[in-house]
Structures are given as structure tokens and as C-alpha cells.
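Asks: One file: run.txt (compact mmCIF, C-alpha atoms).
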# COMPACT_ATOMS: atom_id res chain seq x y z
CA MET A 1 -2.26 -14.20 8.24
CA ALA A 2 -1.90 -13.70 4.50
CA VAL A 3 -5.70 -13.80 4.13
CA ALA A 4 -6.11 -11.36 7.03
CA THR A 5 -3.75 -8.77 5.56
CA GLY A 6 -5.42 -9.10 2.16
CA LEU A 7 -8.92 -8.49 3.49
CA THR A 8 -8.09 -5.64 5.87
CA VAL A 9 -6.10 -3.66 3.32
CA GLY A 10 -8.27 -4.64 0.36
CA GLY A 11 -11.14 -2.58 1.71
CA ASN A 12 -9.14 0.59 1.03
CA TYR A 13 -9.18 -0.19 -2.70
CA VAL A 14 -12.91 -0.81 -3.09
CA ASN A 15 -13.52 2.74 -4.29
CA GLN A 16 -10.93 2.81 -7.08
CA PRO A 17 -12.95 1.20 -9.90
CA LEU A 18 -16.09 3.03 -8.71
CA LEU A 19 -14.90 6.63 -8.91
CA ASP A 20 -16.85 7.50 -12.04
CA THR A 21 -20.04 5.96 -10.61
CA LEU A 22 -19.53 7.59 -7.20
CA ALA A 23 -19.12 10.99 -8.84
CA ALA A 24 -22.41 10.59 -10.74
CA GLU A 25 -24.52 9.10 -7.93
CA LEU A 26 -23.25 11.30 -5.08
CA GLY A 27 -23.43 14.43 -7.18
CA VAL A 28 -19.77 15.46 -7.12
CA SER A 29 -17.14 16.06 -9.76
CA GLN A 30 -14.65 13.42 -10.86
CA GLY A 31 -11.90 15.36 -9.09
CA ALA A 32 -13.89 15.36 -5.84
CA ALA A 33 -14.59 11.62 -6.17
CA ALA A 34 -10.85 11.04 -6.58
CA VAL A 35 -10.37 12.73 -3.20
CA SER A 36 -11.76 9.55 -1.63
CA VAL A 37 -8.60 7.74 -2.77
CA THR A 38 -6.49 10.39 -1.04
CA VAL A 39 -8.64 10.24 2.12
CA ALA A 40 -8.21 6.46 2.28
CA GLN A 41 -4.44 6.82 2.01
CA VAL A 42 -4.10 9.75 4.42
CA SER A 43 -6.25 8.06 7.06
CA TYR A 44 -4.27 4.86 6.62
CA GLY A 45 -1.12 6.93 7.15
CA VAL A 46 -2.56 8.38 10.36
CA GLY A 47 -3.25 4.87 11.57
CA LEU A 48 0.29 3.82 10.69
CA LEU A 49 1.70 6.70 12.71
CA LEU A 50 -0.57 6.51 15.75
CA VAL A 51 -1.95 2.95 15.88
CA VAL A 52 0.72 0.54 14.56
CA PRO A 53 3.26 1.33 17.35
CA LEU A 54 0.72 -0.20 19.75
CA GLY A 55 1.90 -3.55 18.36
CA ASP A 56 4.98 -3.17 20.57
CA LEU A 57 2.90 -2.10 23.57
CA LEU A 58 -0.32 -4.17 23.64
CA GLU A 59 -1.17 -7.84 23.32
CA ARG A 60 -1.43 -8.30 19.56
CA ARG A 61 -4.32 -10.77 19.28
CA ARG A 62 -6.68 -8.48 21.18
CA LEU A 63 -5.38 -5.41 19.35
CA LEU A 64 -5.86 -7.02 15.93
CA THR A 65 -9.40 -8.17 16.73
CA THR A 66 -10.39 -4.68 17.88
CA LEU A 67 -8.85 -2.93 14.88
CA THR A 68 -10.60 -5.29 12.45
CA LEU A 69 -14.02 -4.64 13.99
CA LEU A 70 -13.48 -0.86 13.88
CA ALA A 71 -12.48 -1.08 10.21
CA ALA A 72 -15.71 -3.01 9.57
CA ALA A 73 -17.68 -0.17 11.19
CA GLY A 74 -16.11 2.30 8.74
CA HIS A 75 -17.20 0.21 5.78
CA VAL A 76 -20.73 -0.04 7.17
CA LEU A 77 -20.86 3.77 7.27
CA CYS A 78 -19.73 3.90 3.63
CA ALA A 79 -22.41 1.39 2.64
CA VAL A 80 -25.25 3.43 4.19
CA ALA A 81 -23.81 6.91 3.54
CA PRO A 82 -26.58 9.34 2.50
CA GLY A 83 -24.10 11.81 0.99
CA PHE A 84 -20.48 12.35 -0.01
CA GLY A 85 -19.46 13.80 3.37
CA TRP A 86 -20.65 10.70 5.23
CA PHE A 87 -18.97 8.53 2.60
CA LEU A 88 -15.63 10.29 3.20
CA ALA A 89 -16.07 9.88 6.98
CA GLY A 90 -16.60 6.13 6.60
CA THR A 91 -13.60 5.93 4.26
CA ALA A 92 -11.44 7.69 6.87
CA ILE A 93 -12.57 5.42 9.73
CA ALA A 94 -11.97 2.28 7.67
CA GLY A 95 -8.57 3.58 6.58
CA VAL A 96 -7.32 4.37 10.10
CA PHE A 97 -8.18 0.97 11.52
CA SER A 98 -7.31 -1.18 8.50
CA VAL A 99 -3.68 -0.78 9.63
CA ALA A 100 -4.31 -4.08 11.40
CA ALA A 101 -2.46 -5.50 8.37
CA GLN A 102 0.67 -3.57 9.32
CA VAL A 103 0.53 -4.95 12.87
CA LEU A 104 0.38 -8.43 11.36
CA VAL A 105 3.39 -8.02 9.02
CA PRO A 106 6.06 -7.47 11.72
CA PHE A 107 4.31 -10.12 13.85
CA VAL A 108 4.92 -12.58 11.01
CA ALA A 109 8.60 -11.58 10.82
CA GLU A 110 8.89 -12.20 14.55
CA LEU A 111 7.29 -15.64 14.34
CA ALA A 112 9.33 -16.75 11.30
CA ALA A 113 12.18 -19.26 11.63
CA PRO A 114 15.74 -17.83 11.57
CA GLY A 115 16.78 -16.91 8.04
CA GLN A 116 13.20 -17.18 6.77
CA ALA A 117 11.87 -13.72 7.66
CA GLY A 118 12.11 -12.43 4.09
CA ARG A 119 10.18 -15.37 2.69
CA ALA A 120 7.54 -15.09 5.44
CA VAL A 121 7.04 -11.37 4.89
CA GLY A 122 6.91 -11.92 1.13
CA THR A 123 4.21 -14.57 1.53
CA VAL A 124 2.07 -12.36 3.75
CA MET A 125 2.54 -9.41 1.42
CA SER A 126 1.44 -11.63 -1.47
CA GLY A 127 -1.81 -12.14 0.40
CA LEU A 128 -2.10 -8.41 0.97
CA LEU A 129 -1.57 -7.68 -2.72
CA ILE A 130 -3.99 -10.33 -3.89
CA GLY A 131 -6.55 -8.87 -1.49
CA ALA A 132 -6.04 -5.41 -2.94
CA LEU A 133 -6.34 -6.76 -6.49
CA LEU A 134 -9.46 -8.78 -5.75
CA ALA A 135 -10.98 -5.78 -3.97
CA ARG A 136 -10.68 -3.72 -7.16
CA SER A 137 -12.02 -6.48 -9.37
CA VAL A 138 -14.78 -7.82 -7.12
CA SER A 139 -15.85 -4.29 -6.21
CA GLY A 140 -16.57 -3.46 -9.84
CA ALA A 141 -18.48 -6.70 -10.37
CA LEU A 142 -20.57 -6.26 -7.20
CA ALA A 143 -21.33 -2.65 -8.12
CA ASP A 144 -22.67 -3.79 -11.50
CA LEU A 145 -24.90 -6.33 -9.69
CA GLY A 146 -26.21 -4.30 -6.76
CA GLY A 147 -24.93 -0.73 -6.93
CA TRP A 148 -21.90 0.89 -5.33
CA HIS A 149 -23.22 0.28 -1.77
CA LEU A 150 -22.93 -3.51 -2.08
CA PRO A 151 -19.11 -3.83 -2.17
CA TYR A 152 -18.82 -1.95 1.12
CA ALA A 153 -21.44 -4.13 2.81
CA VAL A 154 -19.64 -7.28 1.67
CA VAL A 155 -16.26 -6.05 2.95
CA ALA A 156 -17.78 -5.13 6.32
CA ALA A 157 -19.27 -8.61 6.72
CA GLY A 158 -15.97 -10.22 5.75
CA LEU A 159 -14.09 -8.16 8.34
CA VAL A 160 -16.45 -9.21 11.12
CA LEU A 161 -15.84 -12.86 10.23
CA LEU A 162 -12.10 -12.19 10.09
CA ALA A 163 -12.14 -10.69 13.60
CA VAL A 164 -13.71 -13.89 14.91
CA ALA A 165 -11.08 -16.00 13.11
CA LEU A 166 -8.16 -13.89 14.39
CA ARG A 167 -9.44 -14.19 17.94
CA ALA A 168 -9.62 -17.97 17.59
CA ARG A 169 -6.39 -18.68 15.67
CA LEU A 170 -3.68 -16.17 16.63
CA PRO A 171 -1.25 -16.96 19.45
CA VAL A 172 -1.20 -14.71 22.48
CA SER A 173 1.79 -12.37 22.25
CA VAL A 174 3.97 -10.88 24.98
CA PRO A 175 4.21 -7.13 24.33
CA GLU A 176 7.53 -5.30 24.54
CA ARG A 177 8.04 -3.19 27.65
CA VAL A 178 8.59 0.23 26.11
CA GLY A 179 6.65 2.35 28.61
CA GLY A 180 3.31 3.99 27.92
CA TYR A 181 1.78 5.15 24.66
CA ALA A 182 3.56 8.52 24.63
CA ALA A 183 6.89 6.82 25.34
CA THR A 184 6.24 4.39 22.50
CA LEU A 185 5.66 7.24 20.05
CA ARG A 186 8.77 9.07 21.29
CA SER A 187 10.88 5.95 20.87
CA THR A 188 9.60 5.60 17.29
CA ALA A 189 10.79 9.14 16.54
CA ARG A 190 14.15 8.36 18.17
CA ILE A 191 14.63 5.28 16.01
CA VAL A 192 13.99 7.37 12.89
CA ARG A 193 16.64 9.88 14.01
CA GLU A 194 19.20 7.20 14.74
CA GLU A 195 18.77 5.01 11.64
CA PRO A 196 19.80 6.74 8.39
CA ARG A 197 18.87 3.70 6.30
CA LEU A 198 15.39 3.68 7.78
CA ARG A 199 15.07 7.26 6.54
CA SER A 200 16.51 6.49 3.10
CA ARG A 201 14.39 3.39 2.59
CA ALA A 202 11.25 5.12 3.85
CA LEU A 203 11.80 7.96 1.38
CA LEU A 204 12.45 5.48 -1.43
CA GLY A 205 9.27 3.60 -0.59
CA SER A 206 7.22 6.79 -0.44
CA VAL A 207 8.39 7.95 -3.87
CA GLY A 208 7.79 4.50 -5.37
CA PHE A 209 4.26 4.39 -4.00
CA ALA A 210 3.66 7.95 -5.19
CA ALA A 211 4.60 6.90 -8.74
CA VAL A 212 2.01 4.12 -8.68
CA SER A 213 -0.64 6.14 -6.82
CA VAL A 214 -0.60 8.61 -9.71
CA LEU A 215 -1.95 5.68 -11.75
CA PHE A 216 -4.47 4.50 -9.15
CA ALA A 217 -6.01 7.98 -8.84
CA THR A 218 -6.53 8.51 -12.57
CA MET A 219 -6.83 5.19 -14.38
CA THR A 220 -10.60 4.98 -13.90
CA PHE A 221 -11.13 8.29 -15.69
CA LEU A 222 -9.02 7.17 -18.66
CA LEU A 223 -10.58 3.71 -18.89
CA ALA A 224 -14.17 4.90 -18.38
CA GLY A 225 -13.73 7.81 -20.80
CA PRO A 226 -14.32 7.92 -24.55
CA ALA A 227 -10.93 6.41 -25.43
CA PHE A 228 -11.78 3.03 -23.83
CA GLY A 229 -15.39 3.17 -22.59
CA LEU A 230 -15.04 0.40 -20.00
CA SER A 231 -17.63 -0.37 -17.31
CA ASP A 232 -16.91 -0.57 -13.56
CA ALA A 233 -16.65 -4.37 -13.79
CA GLN A 234 -14.30 -4.22 -16.77
CA ILE A 235 -12.08 -1.66 -15.01
CA GLY A 236 -11.97 -3.99 -12.02
CA LEU A 237 -10.87 -6.86 -14.24
CA VAL A 238 -7.99 -4.75 -15.57
CA GLY A 239 -6.79 -4.59 -11.97
CA LEU A 240 -6.30 -8.37 -11.95
CA ALA A 241 -3.22 -7.80 -14.12
CA GLY A 242 -1.50 -6.66 -10.95
CA VAL A 243 -1.21 -10.30 -9.82
CA LEU A 244 2.42 -10.04 -10.95
CA GLY A 245 2.95 -7.83 -7.93
CA ALA A 246 1.98 -10.72 -5.67
CA LEU A 247 4.55 -12.92 -7.40
CA ALA A 248 7.15 -10.17 -7.00
CA ALA A 249 6.54 -10.05 -3.26
CA THR A 250 7.55 -13.68 -2.87
CA VAL A 251 10.56 -13.38 -5.19
CA ALA A 252 11.76 -10.18 -3.51
CA GLY A 253 11.49 -11.86 -0.11
CA ARG A 254 13.65 -14.76 -1.26
CA MET A 255 16.20 -12.34 -2.76
CA ALA A 256 16.34 -10.52 0.58
CA ASP A 257 17.03 -13.79 2.44
CA ALA A 258 19.84 -14.40 -0.08
CA GLY A 259 21.38 -10.95 0.54
CA ARG A 260 20.34 -9.42 -2.81
CA SER A 261 17.98 -6.68 -1.62
CA GLN A 262 19.90 -3.93 -3.44
CA LEU A 263 19.62 -5.76 -6.74
CA ALA A 264 15.89 -6.27 -6.24
CA THR A 265 15.45 -2.58 -5.42
CA ALA A 266 17.37 -1.49 -8.52
CA LEU A 267 15.26 -3.72 -10.76
CA GLY A 268 12.05 -2.44 -9.21
CA ALA A 269 12.99 1.24 -9.52
CA ALA A 270 14.06 0.85 -13.16
CA LEU A 271 10.83 -0.99 -13.89
CA LEU A 272 8.81 1.95 -12.54
CA VAL A 273 10.24 4.17 -15.27
CA LEU A 274 9.55 1.56 -17.97
CA THR A 275 6.00 1.18 -16.66
CA TRP A 276 5.18 4.81 -17.30
CA LEU A 277 6.65 4.72 -20.79
CA LEU A 278 4.20 1.93 -21.60
CA LEU A 279 1.28 3.64 -19.88
CA GLY A 280 2.02 6.90 -21.68
CA ALA A 281 1.94 5.11 -25.02
CA ALA A 282 -1.30 3.36 -24.04
CA GLY A 283 -3.08 6.69 -23.71
CA GLY A 284 -1.66 8.18 -26.88
CA ALA A 285 -4.16 9.29 -29.50
CA TRP A 286 -2.01 7.68 -32.19
CA THR A 287 -2.33 4.17 -30.72
CA ALA A 288 -5.07 1.81 -31.93
CA LEU A 289 -7.67 0.87 -29.30
CA GLY A 290 -6.73 -2.81 -29.08
CA THR A 291 -3.05 -2.03 -28.84
CA SER A 292 -3.73 0.71 -26.28
CA LEU A 293 -5.60 -1.66 -23.99
CA VAL A 294 -2.85 -4.28 -24.21
CA LEU A 295 -0.20 -1.66 -23.43
CA PHE A 296 -2.24 -0.39 -20.48
CA VAL A 297 -2.76 -3.85 -19.02
CA VAL A 298 0.95 -4.69 -19.37
CA GLY A 299 1.92 -1.33 -17.88
CA PHE A 300 -0.48 -1.78 -14.97
CA ALA A 301 0.86 -5.27 -14.28
CA LEU A 302 4.44 -4.03 -14.31
CA SER A 303 3.59 -1.12 -12.01
CA ASP A 304 2.48 -3.48 -9.22
CA LEU A 305 5.44 -5.76 -9.84
CA ALA A 306 7.89 -2.84 -9.68
CA LEU A 307 6.37 -1.31 -6.57
CA GLN A 308 6.26 -4.54 -4.61
CA THR A 309 9.83 -5.44 -5.54
CA VAL A 310 10.97 -2.13 -4.05
CA HIS A 311 8.60 -2.35 -1.09
CA ILE A 312 9.44 -5.88 0.07
CA SER A 313 13.17 -5.16 -0.28
CA ASN A 314 12.69 -2.06 1.85
CA GLN A 315 10.77 -3.89 4.56
CA ASN A 316 13.30 -6.66 4.89
CA ILE A 317 16.09 -4.11 5.27
CA VAL A 318 14.34 -1.93 7.85
CA PHE A 319 13.05 -4.85 9.93
CA ALA A 320 16.64 -6.02 10.39
CA LEU A 321 17.67 -2.63 11.79
CA ARG A 322 15.81 -3.08 15.09
CA PRO A 323 14.55 -6.67 15.54
CA GLN A 324 13.06 -5.85 18.96
CA ALA A 325 11.12 -2.85 17.65
CA ARG A 326 9.64 -4.09 14.40
CA ALA A 327 6.19 -2.57 14.96
CA ARG A 328 7.69 0.88 15.58
CA VAL A 329 10.06 0.54 12.62
CA ASN A 330 7.16 -0.56 10.43
CA SER A 331 5.09 2.36 11.71
CA ALA A 332 7.76 4.87 10.67
CA TYR A 333 8.40 3.23 7.31
CA MET A 334 4.77 2.72 6.37
CA THR A 335 3.75 6.22 7.49
CA ALA A 336 6.23 7.66 5.00
CA TYR A 337 5.15 5.09 2.41
CA PHE A 338 1.49 6.05 2.53
CA ALA A 339 2.22 9.75 2.82
CA GLY A 340 3.97 9.32 -0.52
CA GLY A 341 0.93 7.47 -1.84
CA ALA A 342 -1.39 10.28 -0.77
CA LEU A 343 0.83 12.91 -2.40
CA GLY A 344 0.98 10.77 -5.53
CA SER A 345 -2.83 10.65 -5.66
CA VAL A 346 -3.01 14.43 -5.34
CA ALA A 347 -0.32 14.86 -8.00
CA GLY A 348 -2.16 12.49 -10.33
CA SER A 349 -5.48 14.28 -9.89
CA LEU A 350 -3.86 17.67 -10.52
CA ALA A 351 -2.00 16.35 -13.55
CA TRP A 352 -5.23 14.90 -14.98
CA ALA A 353 -7.03 18.21 -14.52
CA ALA A 354 -4.14 20.18 -16.00
CA GLY A 355 -3.17 18.09 -19.02
CA GLY A 356 -4.99 14.77 -19.15
CA TRP A 357 -3.18 11.48 -19.59
CA PRO A 358 0.06 12.92 -21.08
CA ALA A 359 0.55 15.04 -17.94
CA VAL A 360 -0.25 12.05 -15.72
CA SER A 361 2.31 9.89 -17.56
CA ALA A 362 5.01 12.56 -17.30
CA THR A 363 4.38 12.89 -13.55
CA GLY A 364 4.62 9.14 -12.96
CA ALA A 365 7.78 8.78 -15.05
CA ALA A 366 9.46 11.66 -13.19
CA LEU A 367 8.73 10.00 -9.85
CA GLY A 368 10.22 6.74 -11.18
CA VAL A 369 13.44 8.56 -12.02
CA VAL A 370 13.53 10.06 -8.51
CA ALA A 371 13.18 6.53 -7.08
CA LEU A 372 16.26 5.44 -9.04
CA VAL A 373 18.25 8.38 -7.67
CA LEU A 374 17.18 7.56 -4.11
CA TRP A 375 18.27 3.95 -4.57
CA LEU A 376 21.75 5.16 -5.55
CA LEU A 377 21.87 7.30 -2.40
CA ASP A 378 20.89 4.29 -0.28
CA VAL A 379 23.70 2.25 -1.86
CA ARG A 380 26.14 4.93 -0.70
CA LEU A 381 24.69 4.81 2.83
CA GLU A 382 25.07 1.03 2.93
CA ARG A 383 28.69 1.20 1.80
CA ARG A 384 29.43 3.91 4.35
CA ALA A 385 27.84 1.83 7.13
CA ARG A 386 29.91 -1.21 6.17
CA ALA A 387 33.08 0.84 6.10
CA GLY A 388 32.31 2.22 9.54
CA GLY A 389 31.74 -1.16 11.17
CA THR A 390 28.57 -2.44 12.75
CA GLY A 391 27.04 1.01 13.21
CA LEU A 392 24.21 2.14 15.37
CA SER A 393 21.80 -0.65 14.53
CA ALA A 394 23.79 -3.44 16.12
CA ALA A 395 24.66 -1.32 19.14
CA ARG A 396 21.02 -0.49 19.77
CA ALA A 397 19.39 -3.74 18.64
CA ALA A 398 17.84 -4.31 22.04
CA SER A 399 16.35 -0.82 22.40
Could you show the structure in this file as C-alpha cells?
Replies:
Amino acid sequence: MAVATGLTVGGNYVNQPLLDTLAAELGVSQGAAAVSVTVAQVSYGVGLLLVVPLGDLLERRRLLTTLTLLAAAGHVLCAVAPGFGWFLAGTAIAGVFSVAAQVLVPFVAELAAPGQAGRAVGTVMSGLLIGALLARSVSGALADLGGWHLPYAVVAAGLVLLAVALRARLPVSVPERVGGYAATLRSTARIVREEPRLRSRALLGSVGFAAVSVLFATMTFLLAGPAFGLSDAQIGLVGLAGVLGALAATVAGRMADAGRSQLATALGAALLVLTWLLLGAAGGAWTALGTSLVLFVVGFALSDLALQTVHISNQNIVFALRPQARARVNSAYMTAYFAGGALGSVAGSLAWAAGGWPAVSATGAALGVVALVLWLLDVRLERRARAGGTGLSAARAAS
């Protein structure tokens, strides 16, 4: 399952080290090429909102196989796209159906032994993160070997093989009886209304992802520009520094099982602010090239570590709110999460156009500060819920 989440989500990151090349070969500006990052995130968000709740309604093995094949079709369209419009269409199709990963995550939590859900989710999320990191790195290397079309063809082939493996290896699930599709969507909205900590954690996750998406949307332009002059493959290798995020996923999961989710969240939010201080210094004209690259790599590594510490803590908290509705809870949380990511990409692109790397760094740091404030608000909600007794979650656990 860890491999499956890594491959399905990793495809959404193939374009990130290729933005400069895509802009040149498809005849669009750098800002337009960066829109493909936003399209991938927005379409993924649409899938989270409209597709992931089906995990509580349909048999999951069949659902996951179908979603994986549809995601592969999107990547095929990207690989053969004759122009930028077709490329964006393929990106959107792949993004919508790559939410198969977010059907798998709550499935893992359901299958985990009692008291081990945090560790299980952390392990699967480690696979997801490693997949995203390898997608960035391998994409750049493949593009250097065979052009920007090749990474998309390879991902499509891998997804077809994955669909066959999922069909053969996953257990057959018994879907929850929550009515039809419309009723499932309505119940998701009701859960959001009734669970204040789902709302607070979803907002915290969205701001955290926005802070890091500012980096994802602009780092290629900085690293490929005159200050660094890196190739697509070299930019992809920089992305390997994010392996710390995969380690953070496992650690955060263990902290959640030990009842220390708030501590993990605080550390992650504070680290987001520190990350942007380092990244801002990395792009400073006063910093020597070698030192700048080291600072950037360290900052990039810490950004993934910080984000995943916050994210895994969030997921373990929200999954516990409604154990019988994990797919719908995950749908609500992840929709907000990726909406934040899309807004962060837009904010990063606008900041780059308006003021270059200093404006990008200021935007990312400001979002990190907002994440810290939102964590403090969530602490207040938790204390209020404890003071008021078991609250709504326990009373409605079976809904």
C-alpha cells in the first residue's frame, strides 16, 4: 500500500522540475507553465471532494483499480500532448483520479491493529512522500535522457502495472451503508459542520501546505536561473533532500499513537517559519553560490519535514473523530489541504512575478506564522472539548 500511494500521488509532481523546459518547448511563459502545478493541485482537490467519499460507499478494491487506470490515461494524454491545452487537460485528468492514494490511507487505518493506526498511516505516508520525491528526481533525469514526454509515459506504464497488482493483492472490503452518492456527499458536509476540530485541523493543514506550495511553484525558476544555473536533472536531485519528510511521517505517526500530536504539530509549524528564513537567505544576492545551494537544500529538506509532521498529526486526529467514516473525513480534510496547496502555488507565482525570490520568501514565512497561530487555536478547541466531556465525536462515532 505504501508503494501504491507513492506511485499514484508521485505522478502529480512529475512536472515540477520540468517547468522551465515545458515553458520553452510548449511556447508559453514561465508563469503559464507554473499554472500546471496549480491545475494538478486543483484537480486533485476536486477528486478529494467528489471521488474519495466513494471509499465509504463502494467496494474499495474495485474502486482503487478503476481510479488507478484512469490516472494512467491522464498521464498518457500528457505524454502525447501536441500543445499546452492538451497537456493541462491530461494533468487535470491524472490529478482527479490519482486520489486513489487518499482512498488507500483511511483503508490502512481501518486495517491496522488497535493502537497502531498512527504508525500504519505514517508508514503509508512515508511511501507517498518517497514517491513524490522520486517523481521529482526521476522526472528530471528521464527528461534529460528522452525529453519531457518520457517521464509521463513511464508513470502511465507504472500505474497500469499497479492497477493489476492492487486487483490481485488487496482484500475485498465491505462498504459502509451510507445511502447513495448524493447522501454520501451530504453526510460529509454534515460531519464538517459537527466537528470543530476537523475544521481547525483542515485549515491548519491547508495553510501548512500553502506555505510549502509557494516553494514548489517557484523553486525551478530560482534554481534554473542565473543565480544557480541547474539543469532539470540537477533540480530533480535537489528534491531528494525532502527524504526527511518521509522520516517525519513515521515519527509523527508514533508520536500520535503516544498521545503527543499537539507537540508534533507545534514543532512542525515552528519549523515552517525557520524553513523560509533559510530559503530567503539562500536566494540572497549577498550569499556565495556554494553557501546558497547548501542553504537551499537544507531549507527544502526542512520544508518537507515540517509539512509532514503537521500533516500526519492532523490526519491521526481527524481519523479518530469518526472511525466509521474515515473516507468522508479524509475527503473533507484533504480537500481543504489541497485547496491550500493550490492557493499557495498561485501566491508563489504572483510573488515571483511581483518581487522575485525575496517576495516569495516573505510570502512563505507569513504563511508559516499563520500556521502557528492556527495551532494555538486548535489547542484551545481541544481544551474546551475536554472540559465539556466526550463531545459530539463520541456521541456520533457510529454515524
Asks: Excluding same-chain residues fewer than 4 positions from Leu272 of chain A, what lies within 10 Å of it counting only C-alpha atoms, as a list in words?
Replies: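 Counting only the stated atoms, we get Gly208, Phe209, Ala211, Val212, Leu267, Gly268, Trp276, Leu277, Gly299, Leu302, Ser303, Asp304, Leu305, Ala306, Leu307, Val310, Gly364, Ala365, Ala366, Leu367, Gly368, Val369, Ala371 and Leu372 of chain A.
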Asks: Taking into account all atoms listed in the file, which residue in the set A:Ala135, A:Val155, A:Ala217, A:Leu279 is nearest to Ser36 of chain A?
Replies: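 The closest residue to Ser36 of chain A is A:Ala217.
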Asks: Calculated over only C-alpha atoms, which of the candidates A:Leu376, A:Arg260, A:Gly74, A:Ala40 has the smallest distance to Trp86 of chain A?
Replies: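 Smallest distance to Trp86 of chain A is found for A:Gly74.
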Asks: Do you know which residues are at most 8 Å from Ala163 of chain A counting only C-alpha atoms, after dropping those on the same chain fewer than 5 positions away, and could you put them as a list in words?
Replies: Leu64, Thr65, Thr66, Thr68 and Leu69 of chain A
Asks: One decimal, Å: what's the distance from atom CA of Phe221 of chain A over to atom CA of Thr5 of chain A, could you say?
Replies: 28.2 Å
Asks: So which residues touch Gly45 of chain A within 10 Å, counting only C-alpha atoms, skipping near sequence neighbours fewer than 5 positions away, as a JSON list (two decimals) with C-alpha atoms, keeping the file's coordinate frame?
Replies:
[["chain", "number", "residue", "atom", "x", "y", "z"],
["A", 39, "VAL", "CA", -8.64, 10.24, 2.12],
["A", 40, "ALA", "CA", -8.21, 6.46, 2.28],
["A", 50, "LEU", "CA", -0.57, 6.51, 15.75],
["A", 51, "VAL", "CA", -1.95, 2.95, 15.88],
["A", 52, "VAL", "CA", 0.72, 0.54, 14.56],
["A", 95, "GLY", "CA", -8.57, 3.58, 6.58],
["A", 96, "VAL", "CA", -7.32, 4.37, 10.10],
["A", 99, "VAL", "CA", -3.68, -0.78, 9.63],
["A", 331, "SER", "CA", 5.09, 2.36, 11.71],
["A", 332, "ALA", "CA", 7.76, 4.87, 10.67],
["A", 334, "MET", "CA", 4.77, 2.72, 6.37],
["A", 335, "THR", "CA", 3.75, 6.22, 7.49],
["A", 336, "ALA", "CA", 6.23, 7.66, 5.00],
["A", 337, "TYR", "CA", 5.15, 5.09, 2.41],
["A", 338, "PHE", "CA", 1.49, 6.05, 2.53],
["A", 339, "ALA", "CA", 2.22, 9.75, 2.82],
["A", 340, "GLY", "CA", 3.97, 9.32, -0.52],
["A", 341, "GLY", "CA", 0.93, 7.47, -1.84],
["A", 342, "ALA", "CA", -1.39, 10.28, -0.77]]
Asks: With only C-alpha atoms as the basis for distance, which of A:Gln102, A:Thr309, A:Thr363, A:Thr8 is at the shortest distance from Leu162 of chain A?
Replies: A:Thr8
Asks: Please, what distance in Å, to one decimal, runs between atom CA of Thr184 of chain A and atom CA of Pro53 of chain A?
Replies: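 Computing the Euclidean distance for atom CA of Thr184 of chain A and atom CA of Pro53 of chain A yields 6.7 Å.
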Asks: For each of A:Ala282, A:Ala354, A:Ala252, A:Ala270, take the minimum atom-to-atom distance to Ile312 of chain A, counting only C-alpha atoms, then give the residue where this is smallest.
Replies: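 Residue with the minimum atom-to-atom distance to Ile312 of chain A: A:Ala252.
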Asks: Neighbours of His75 of chain A within 7 Å (all atoms listed in the file; same-chain residues fewer than 4 positions away dropped), as an MDAnalysis selection string?
Replies: chainID A and resid 71 79 90:91 94 152:153 155:156
Asks: What separation in Å, quoted to one decimal, exists between atom CA of Ser187 of chain A and atom CA of Asn330 of chain A?
Replies: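 Atom CA of Ser187 of chain A sits 12.9 Å away from atom CA of Asn330 of chain A.
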Asks: At a cut-off of 12 Å, using all atoms listed in the file, what residues contact Ala183 of chain A? Leave out same-chain residues fewer than 6 positions from it and give the result as a list in words.
Replies: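 Listing them by chain and then by number gives Pro53, Leu54, Asp56, Leu57, Arg177, Ala189, Arg190 and Arg328 of chain A.
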Asks: With C-alpha atoms retained, export the selected residues as a compact mmCIF listing (two decimals), in the coordinates of the input.
Replies:
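So the final result, stored in result.txt, reads:
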# COMPACT_ATOMS: atom_id res chain seq x y z
CA PRO A 53 3.26 1.33 17.35
CA LEU A 54 0.72 -0.20 19.75
CA ASP A 56 4.98 -3.17 20.57
CA LEU A 57 2.90 -2.10 23.57
CA ARG A 177 8.04 -3.19 27.65
CA ALA A 189 10.79 9.14 16.54
CA ARG A 190 14.15 8.36 18.17
CA ARG A 328 7.69 0.88 15.58
Asks: Measuring between only C-alpha atoms, which one of A:Ala24, A:Ala227, A:Ala210, A:Ala143 shows the shortest distance to Gly344 of chain A?
Replies: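 Answer, going by the shortest atom-to-atom distance: A:Ala210.
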Asks: Please report, as JSON, the centre and edge lengths in Å to one decimal of an axis-aligned box covering all listed atoms of segment 139-142 of chain A with 4 Å per side.
Replies:
{"center_x": -18.2, "center_y": -5.1, "center_z": -8.3, "size_x": 12.7, "size_y": 11.2, "size_z": 12.2}
